Structures are given as C-alpha cells and as structure tokens.
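For reference, the structure is listed below as structure tokens.
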Amino acid sequence: MSIERVKTGIKGLDEMLRGGFLPETANMVEGAPGTGKTTLGMQFIHHGIQLGEPGLIITFEQFPEQFYHNAMAFGWNFAELEKQGLLKIVMTSPEVSRLDIESIDGMVEKTIREMGIQRVMVDSMSHFSRLSQDPVELRSLEFSFINAFKRYGITSILTHESPIFMGESASNSVISFLVDSYIILRYVEFESMIHKALLVLKMRGSDHAKDIRQYNITQQGIEVQAKFEGREGILSGHPRRMANSFVEAFVKR
Amino acid sequence: MSDMSPDLLDFIKNKINSFIKWDLVKFFYQNPNTTDTAENIAKYIGRNEESVQSELETLVDNKVLFRALLGQTIVYSLANDKTTRALIEQFIQACGDRHFRIKAVYHILRGRG
C-alpha cells in the first residue's frame with residue numbers, strides 16, 4: 001500500500017524524496033546563510049496552499065513584511081494569501097511559542113483548528129538553543145515542540161542554521177536525531193564558481209535518493225538539477241574531478 | 001492642527017501619547033499575529049525593556065493591546081476589537097503623510113507638557 005506523499009512542489013526534490021515527504025512528519029532543512037532554507041520552506045508552504053492545504057509560518061527572526069517581500073520575488077503573494085485566510089505568518093520567540101503550543105487553546109492551536117492548517121514552517125529551530133544550555137533539556141524541549149505539530153496531523157519543515165559555509169560539518173544539534181527527514185544544503189566551489197548542493201541525508205520510513213545534486217534558486221523558487229557527475233568530495237566544499245583523484249591514488253604511486 | 005478626524009485626534013492624544021507607544025502600535029500593526037513578552041517586544045522595536053513594559057501596560061489599560069498569561073509568563077498581543085484595529089490602520093496609513101506626522105508629533109509633545 002502506497003502512502004500519499006506531501007509534495008514540496010520543488011522540481012527534483014520530490015523525486016529525491018520518492019514523491020514528497022511522508023505525511024505528518026517533521027523535516028529539517030539545514031544550511032548556511034543564503035543557501036535557500038527559508039525559500040525552500042516558503043515554496044513548500046506556497047505549494048501546499050495551491051493544493052488547498054493552508055499553511056502557517058512561525059518565524060523567530062524575520063518580520064512578516066520581509067516574508068511578503070521575499071516571497072513576492074518568486075511571484076508568491078503571501079500578503080494576499082493571509083488576507084484570504086490561507087496563510088498565517090506569526091513572528092514570535094521560541095520561549096513563547098513553546099509555552100503557547102503546550103497550552104490548551106493557545107494561539108497556535110486555535111489557528112491550526114480555525115484555518116485547517118496542514119503545513120507548517122518554523123524558521124529557524126536554531127533559536128531554540130537559547131532556551132537551555134543543557135543538551136538533555138534542550139532535546140526534550142525540541143522533542144515536545146516538534147511532536148505538537150504531529151499531534152495535529154501536520155507536516156512541518158524546520159529550518160536549521162549551519163555556521164559552516166563550505167566543507168563537511170555534521171550538525172551538532174540533537175534535533176537531527178528527532179526529525180523524520182534531514183536535508184542538507186551546502187555551498188560547493190569548483191571552476192572558480194560557487195555552486196549549491198543538496199543532499200537528503202535521512203528519511204525515516206522511506207527510500208530516498210542518496211546522490212548529491214546541484215540546485216539553483218531561480219525566479220520560480222528552488223530547482224533541483226542533476227547530480228554532480230564526475231566529481232567527488234562534494235560535501236568537503238572543494239570537490240575534485242574523479243579522474244584526478246584516480247591519478248593521485250593509482251598512477252602517481 | 002484642527003483638520004484631523006476627532007476619533008484619530010482622540011486616539012493620538014489619549015492612547016498613543018508617547019513615541020514608544022507609537023513604535024509599539026506600528027509594530028503590532030505590521031505584526032498583527034505576534035504574541036510575545038515585553039523583553040522580546042522591546043528587542044523587536046529596539047527599545048529599552050523597562051520603558052516598553054510600562055507602555056505596554058498602558059496600551060493594555062487602553063484596550064489597544066491584550067495581556068495574557070502563558071504559564072508564568074506575561075505576553076502581549078494586539079487586541080481583537082475591530083474599531084481599535086481600524087483606528088490603528090487609519091493612524092499608520094495617515095503617518096505616511098509628512099504633515100500628519102508633524103501634527104501627531106505636536107500633540108504628543110504637547111501632551112507631555
């Protein structure tokens with residue numbers, strides 16, 4: 001029996017996810033500033049609205065005005081969608097949103113029930129780190145926050161900031177253990193240019209593409225392209241041609 | 001200074017009678033879904049927490065904002081009252097006009113005595 005997937009609407013990514021996210025899951029998108037985490041999340045929310053699935057954006061950093069402005073650059077009129085009751089952008093803090101989501105009949109719960117929210121983006125979960133210095137307590141706080149959305153049958157995208165612009169860096173956040181899928185966005189340098197690479201590192205309960213693919217942020221949003229051919233060490237940030245590494249490994253001996 | 005609608009004049013004189021309240025009203029107009037603590041709201045508008053706290057309380061007393069308790073934490077949000085929201089919208093839009101702003105500043109300064 002096949003489960004209906006929650007499509008992101010991102011060309012190439014849905015294919016990597018074998019059709020989309022699994023429903024009612026929490027999905028993390030991690031990347032350095034400018035890699036397109038928020039754009040990916042906005043595209044997911046906008047695509048859902050096109051399919052008749054109202055969306056909620058909880059932001060800990062950007063004002064709604066910035067979202068309206070940034071979304072409009074892709075042709076997504078978030079201000080109008082809010083007026084139509086298909087989208088709500090809430091700017092708040094992790095401490096208040098956590099208390100709110102745990103409370104009965106809190107603002108988030110009321111919004112979810114009244115609007116019939118099916119998709120949520122939280123931008124960004126990195127701000128939760130200020131709630132506790134204790135990793136065990138932080139894990140518990142994040143776990144309860146993430147599960148609240150699952151309780152309402154919602155599929156969520158949680159962005160997470162990576163301090164590393166290029167090169168390998170495993171997330172030091174416990175949140176990567178808590179989420180159902182984990183997408184990494186990275187900068188890659190080759191031929192004197194910066195490219196962007198995307199990898200689905202983890203997807204609980206589903207197969208997914210294991211290759212590292214190039215993507216671009218276009219006027220229509222994110223477009224995932226073909227995998228990096230003939231190169232290795234992509235996640236190091238400085239990939240090498242495979243032929244060169246072959247020569248280094250075998251011929252130069 | 002008399003060509004301002006009486007409702008708006010009353011709103012400025014009695015409810016937005018300080019520059020911090022002006023900032024707060026503008027903030028909540030632009031972020032109508034925000035519910036947050038005085039500390040965070042002060043950060044968002046780039047003001048001192050102590051001065052923001054007392055102004056938030058006055059705006060609650062004047063029914064512009066709504067105060068709630070989340071656990072042990074006091075949080076503030078924009079009041080749901082349609083008339084108040086309409087007045088806020090009228091005020092913010094009127095602020096786009098330089099002459100209106102000068103009049104509003106005059107009333108605020110005059111109110112401070």
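Chain labels A, B, ... are given in the sequence in which chains occur in the structure tokens; within each chain residues are numbered consecutively from 1, and ligands are likewise numbered from 1 in the order shown.
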
Determine, using only C-alpha atoms, which residues of chain B have any atom at most 10 Å from an atom of chain A, and tabulate each with its shortest atom pair and distance in Å to one decimal place, rows ordered by chain and then rising number, as a Markdown table.
| residue | atom | partner | partner_atom | distance |
| --- | --- | --- | --- | --- |
| B:Phe27 | CA | A:Phe63 | CA | 9.7 |
| B:Gln30 | CA | A:Glu65 | CA | 7.2 |
| B:Asn31 | CA | A:Pro64 | CA | 6.5 |
| B:Pro32 | CA | A:Val90 | CA | 8.2 |
| B:Asn33 | CA | A:Val90 | CA | 5.2 |
| B:Thr34 | CA | A:Met91 | CA | 5.3 |
| B:Thr35 | CA | A:Thr92 | CA | 6.2 |
| B:Asp36 | CA | A:Thr92 | CA | 6.0 |
| B:Thr37 | CA | A:Val96 | CA | 7.5 |
| B:Asn40 | CA | A:Ser93 | CA | 7.3 |
| B:Ile41 | CA | A:Thr92 | CA | 9.0 |
| B:Tyr44 | CA | A:Phe63 | CA | 9.1 |
| B:Leu69 | CA | A:Asp100 | CA | 9.8 |
| B:Leu70 | CA | A:Leu99 | CA | 6.2 |
| B:Gly71 | CA | A:Leu99 | CA | 6.9 |
| B:Gln72 | CA | A:Leu99 | CA | 9.5 |
| B:Thr73 | CA | A:Val96 | CA | 8.1 |
| B:Ile74 | CA | A:Val96 | CA | 9.5 |
| B:Val75 | CA | A:Val96 | CA | 7.9 |

Notebook entry, point to check: Leu86 in chain A: which residues within 7 Å, counting only C-alpha atoms, same-chain residues fewer than 5 positions away excluded, as a list in words?
Noted result: Ile49, Pro54, Gly55 and Leu81 of chain A

Could the residues in this selection be saved with N, CA and C atoms as a PDB file, in the first residue's frame?
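Printed below is again.pdb as written:
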ATOM      1  N   ILE A  49      -0.615  25.524  -0.336  1.00  0.00           N
ATOM      2  CA  ILE A  49      -1.791  26.404  -0.482  1.00  0.00           C
ATOM      3  C   ILE A  49      -2.405  26.213  -1.876  1.00  0.00           C
ATOM      4  N   PRO A  54      -3.944  24.897   3.740  1.00  0.00           N
ATOM      5  CA  PRO A  54      -3.486  26.144   4.377  1.00  0.00           C
ATOM      6  C   PRO A  54      -2.174  25.964   5.163  1.00  0.00           C
ATOM      7  N   GLY A  55      -1.404  27.032   5.230  1.00  0.00           N
ATOM      8  CA  GLY A  55      -0.084  26.947   5.853  1.00  0.00           C
ATOM      9  C   GLY A  55       0.134  27.974   6.955  1.00  0.00           C
ATOM     10  N   LEU A  81      -2.499  35.990   0.372  1.00  0.00           N
ATOM     11  CA  LEU A  81      -2.904  34.664   0.881  1.00  0.00           C
ATOM     12  C   LEU A  81      -3.307  34.759   2.353  1.00  0.00           C
TER      13      LEU A  81
END

Checklist line | Contacts of Val105 in chain B at 10 Å (only C-alpha atoms; same-chain gap of 2+ positions) as a ChimeraX atom specification | finding: /B:12,17-19,22,99-103,107-111

Using N, CA and C atoms, can you write the selected residues to a file as a PDB file, in the first residue's frame?
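File produced: again00.pdb:
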ATOM      1  N   ILE B  12      -4.730  59.644  19.263  1.00  0.00           N
ATOM      2  CA  ILE B  12      -3.344  60.112  19.457  1.00  0.00           C
ATOM      3  C   ILE B  12      -3.169  60.717  20.848  1.00  0.00           C
ATOM      4  N   ASN B  17       0.101  58.442  23.234  1.00  0.00           N
ATOM      5  CA  ASN B  17       0.612  59.735  23.682  1.00  0.00           C
ATOM      6  C   ASN B  17       2.097  59.710  24.040  1.00  0.00           C
ATOM      7  N   SER B  18       2.833  58.774  23.440  1.00  0.00           N
ATOM      8  CA  SER B  18       4.298  58.774  23.607  1.00  0.00           C
ATOM      9  C   SER B  18       4.913  58.127  22.363  1.00  0.00           C
ATOM     10  N   PHE B  19       6.202  58.388  22.170  1.00  0.00           N
ATOM     11  CA  PHE B  19       6.857  57.842  20.967  1.00  0.00           C
ATOM     12  C   PHE B  19       7.041  56.330  21.071  1.00  0.00           C
ATOM     13  N   TRP B  22       3.847  54.844  20.077  1.00  0.00           N
ATOM     14  CA  TRP B  22       3.758  54.974  18.608  1.00  0.00           C
ATOM     15  C   TRP B  22       4.491  53.787  17.960  1.00  0.00           C
ATOM     16  N   HIS B  99       2.781  65.913   6.786  1.00  0.00           N
ATOM     17  CA  HIS B  99       2.033  66.933   7.543  1.00  0.00           C
ATOM     18  C   HIS B  99       1.285  66.294   8.711  1.00  0.00           C
ATOM     19  N   PHE B 100       0.740  65.100   8.468  1.00  0.00           N
ATOM     20  CA  PHE B 100       0.037  64.403   9.550  1.00  0.00           C
ATOM     21  C   PHE B 100       1.020  64.048  10.660  1.00  0.00           C
ATOM     22  N   ARG B 101       2.201  63.573  10.254  1.00  0.00           N
ATOM     23  CA  ARG B 101       3.202  63.179  11.261  1.00  0.00           C
ATOM     24  C   ARG B 101       3.585  64.378  12.124  1.00  0.00           C
ATOM     25  N   ILE B 102       3.770  65.521  11.488  1.00  0.00           N
ATOM     26  CA  ILE B 102       4.143  66.731  12.239  1.00  0.00           C
ATOM     27  C   ILE B 102       3.059  67.060  13.271  1.00  0.00           C
ATOM     28  N   LYS B 103       1.801  66.940  12.854  1.00  0.00           N
ATOM     29  CA  LYS B 103       0.683  67.212  13.772  1.00  0.00           C
ATOM     30  C   LYS B 103       0.671  66.198  14.912  1.00  0.00           C
ATOM     31  N   HIS B 107       1.055  66.930  18.960  1.00  0.00           N
ATOM     32  CA  HIS B 107       0.110  66.530  20.010  1.00  0.00           C
ATOM     33  C   HIS B 107       0.790  65.695  21.095  1.00  0.00           C
ATOM     34  N   ILE B 108       1.724  64.854  20.673  1.00  0.00           N
ATOM     35  CA  ILE B 108       2.433  64.021  21.660  1.00  0.00           C
ATOM     36  C   ILE B 108       3.307  64.903  22.560  1.00  0.00           C
ATOM     37  N   LEU B 109       4.054  65.812  21.949  1.00  0.00           N
ATOM     38  CA  LEU B 109       4.930  66.694  22.733  1.00  0.00           C
ATOM     39  C   LEU B 109       4.110  67.611  23.644  1.00  0.00           C
ATOM     40  N   ARG B 110       3.005  68.079  23.116  1.00  0.00           N
ATOM     41  CA  ARG B 110       2.131  68.968  23.888  1.00  0.00           C
ATOM     42  C   ARG B 110       1.543  68.205  25.084  1.00  0.00           C
ATOM     43  N   GLY B 111       1.193  66.962  24.852  1.00  0.00           N
ATOM     44  CA  GLY B 111       0.624  66.129  25.907  1.00  0.00           C
ATOM     45  C   GLY B 111       1.601  65.886  27.039  1.00  0.00           C
TER      46      GLY B 111
END

If you run DSSP on the backbone here, which positions in range 124-184 of chain A get strand (DSSP E or B)? Please write them as a PDB file with N, CA and C atoms, in the first residue's frame.
ATOM      1  N   THR A 155       2.345  18.347   8.558  1.00  0.00           N
ATOM      2  CA  THR A 155       3.683  18.076   8.021  1.00  0.00           C
ATOM      3  C   THR A 155       4.467  19.388   8.132  1.00  0.00           C
ATOM      4  N   SER A 156       5.624  19.300   8.755  1.00  0.00           N
ATOM      5  CA  SER A 156       6.369  20.540   9.014  1.00  0.00           C
ATOM      6  C   SER A 156       7.755  20.539   8.375  1.00  0.00           C
ATOM      7  N   ILE A 157       8.199  21.740   8.067  1.00  0.00           N
ATOM      8  CA  ILE A 157       9.598  21.964   7.661  1.00  0.00           C
ATOM      9  C   ILE A 157      10.213  22.843   8.731  1.00  0.00           C
ATOM     10  N   LEU A 158      11.332  22.398   9.249  1.00  0.00           N
ATOM     11  CA  LEU A 158      12.033  23.149  10.291  1.00  0.00           C
ATOM     12  C   LEU A 158      13.388  23.537   9.721  1.00  0.00           C
ATOM     13  N   THR A 159      13.646  24.820   9.624  1.00  0.00           N
ATOM     14  CA  THR A 159      14.961  25.208   9.107  1.00  0.00           C
ATOM     15  C   THR A 159      15.961  25.221  10.261  1.00  0.00           C
ATOM     16  N   HIS A 160      17.207  25.008   9.917  1.00  0.00           N
ATOM     17  CA  HIS A 160      18.270  24.999  10.930  1.00  0.00           C
ATOM     18  C   HIS A 160      19.523  25.601  10.321  1.00  0.00           C
ATOM     19  N   GLU A 161      20.113  26.538  11.056  1.00  0.00           N
ATOM     20  CA  GLU A 161      21.282  27.236  10.511  1.00  0.00           C
ATOM     21  C   GLU A 161      22.553  26.432  10.714  1.00  0.00           C
ATOM     22  N   MET A 166      31.259  26.355   3.880  1.00  0.00           N
ATOM     23  CA  MET A 166      31.699  25.291   2.981  1.00  0.00           C
ATOM     24  C   MET A 166      32.432  24.233   3.780  1.00  0.00           C
ATOM     25  N   SER A 181      13.030  13.562   8.545  1.00  0.00           N
ATOM     26  CA  SER A 181      13.935  13.644   7.392  1.00  0.00           C
ATOM     27  C   SER A 181      14.885  14.822   7.587  1.00  0.00           C
ATOM     28  N   TYR A 182      16.023  14.733   6.913  1.00  0.00           N
ATOM     29  CA  TYR A 182      17.098  15.682   7.134  1.00  0.00           C
ATOM     30  C   TYR A 182      17.715  16.028   5.778  1.00  0.00           C
ATOM     31  N   ILE A 183      17.508  17.256   5.361  1.00  0.00           N
ATOM     32  CA  ILE A 183      18.032  17.718   4.065  1.00  0.00           C
ATOM     33  C   ILE A 183      19.158  18.715   4.333  1.00  0.00           C
ATOM     34  N   ILE A 184      20.268  18.508   3.647  1.00  0.00           N
ATOM     35  CA  ILE A 184      21.415  19.403   3.829  1.00  0.00           C
ATOM     36  C   ILE A 184      21.615  20.245   2.568  1.00  0.00           C
TER      37      ILE A 184
END

Notebook entry, point to check: Which of these residues is nearest to Phe74 in chain A, using only C-alpha atoms: A:Thr218, A:Ser162, A:Gln225, A:Thr35?
Noted result: A:Thr218
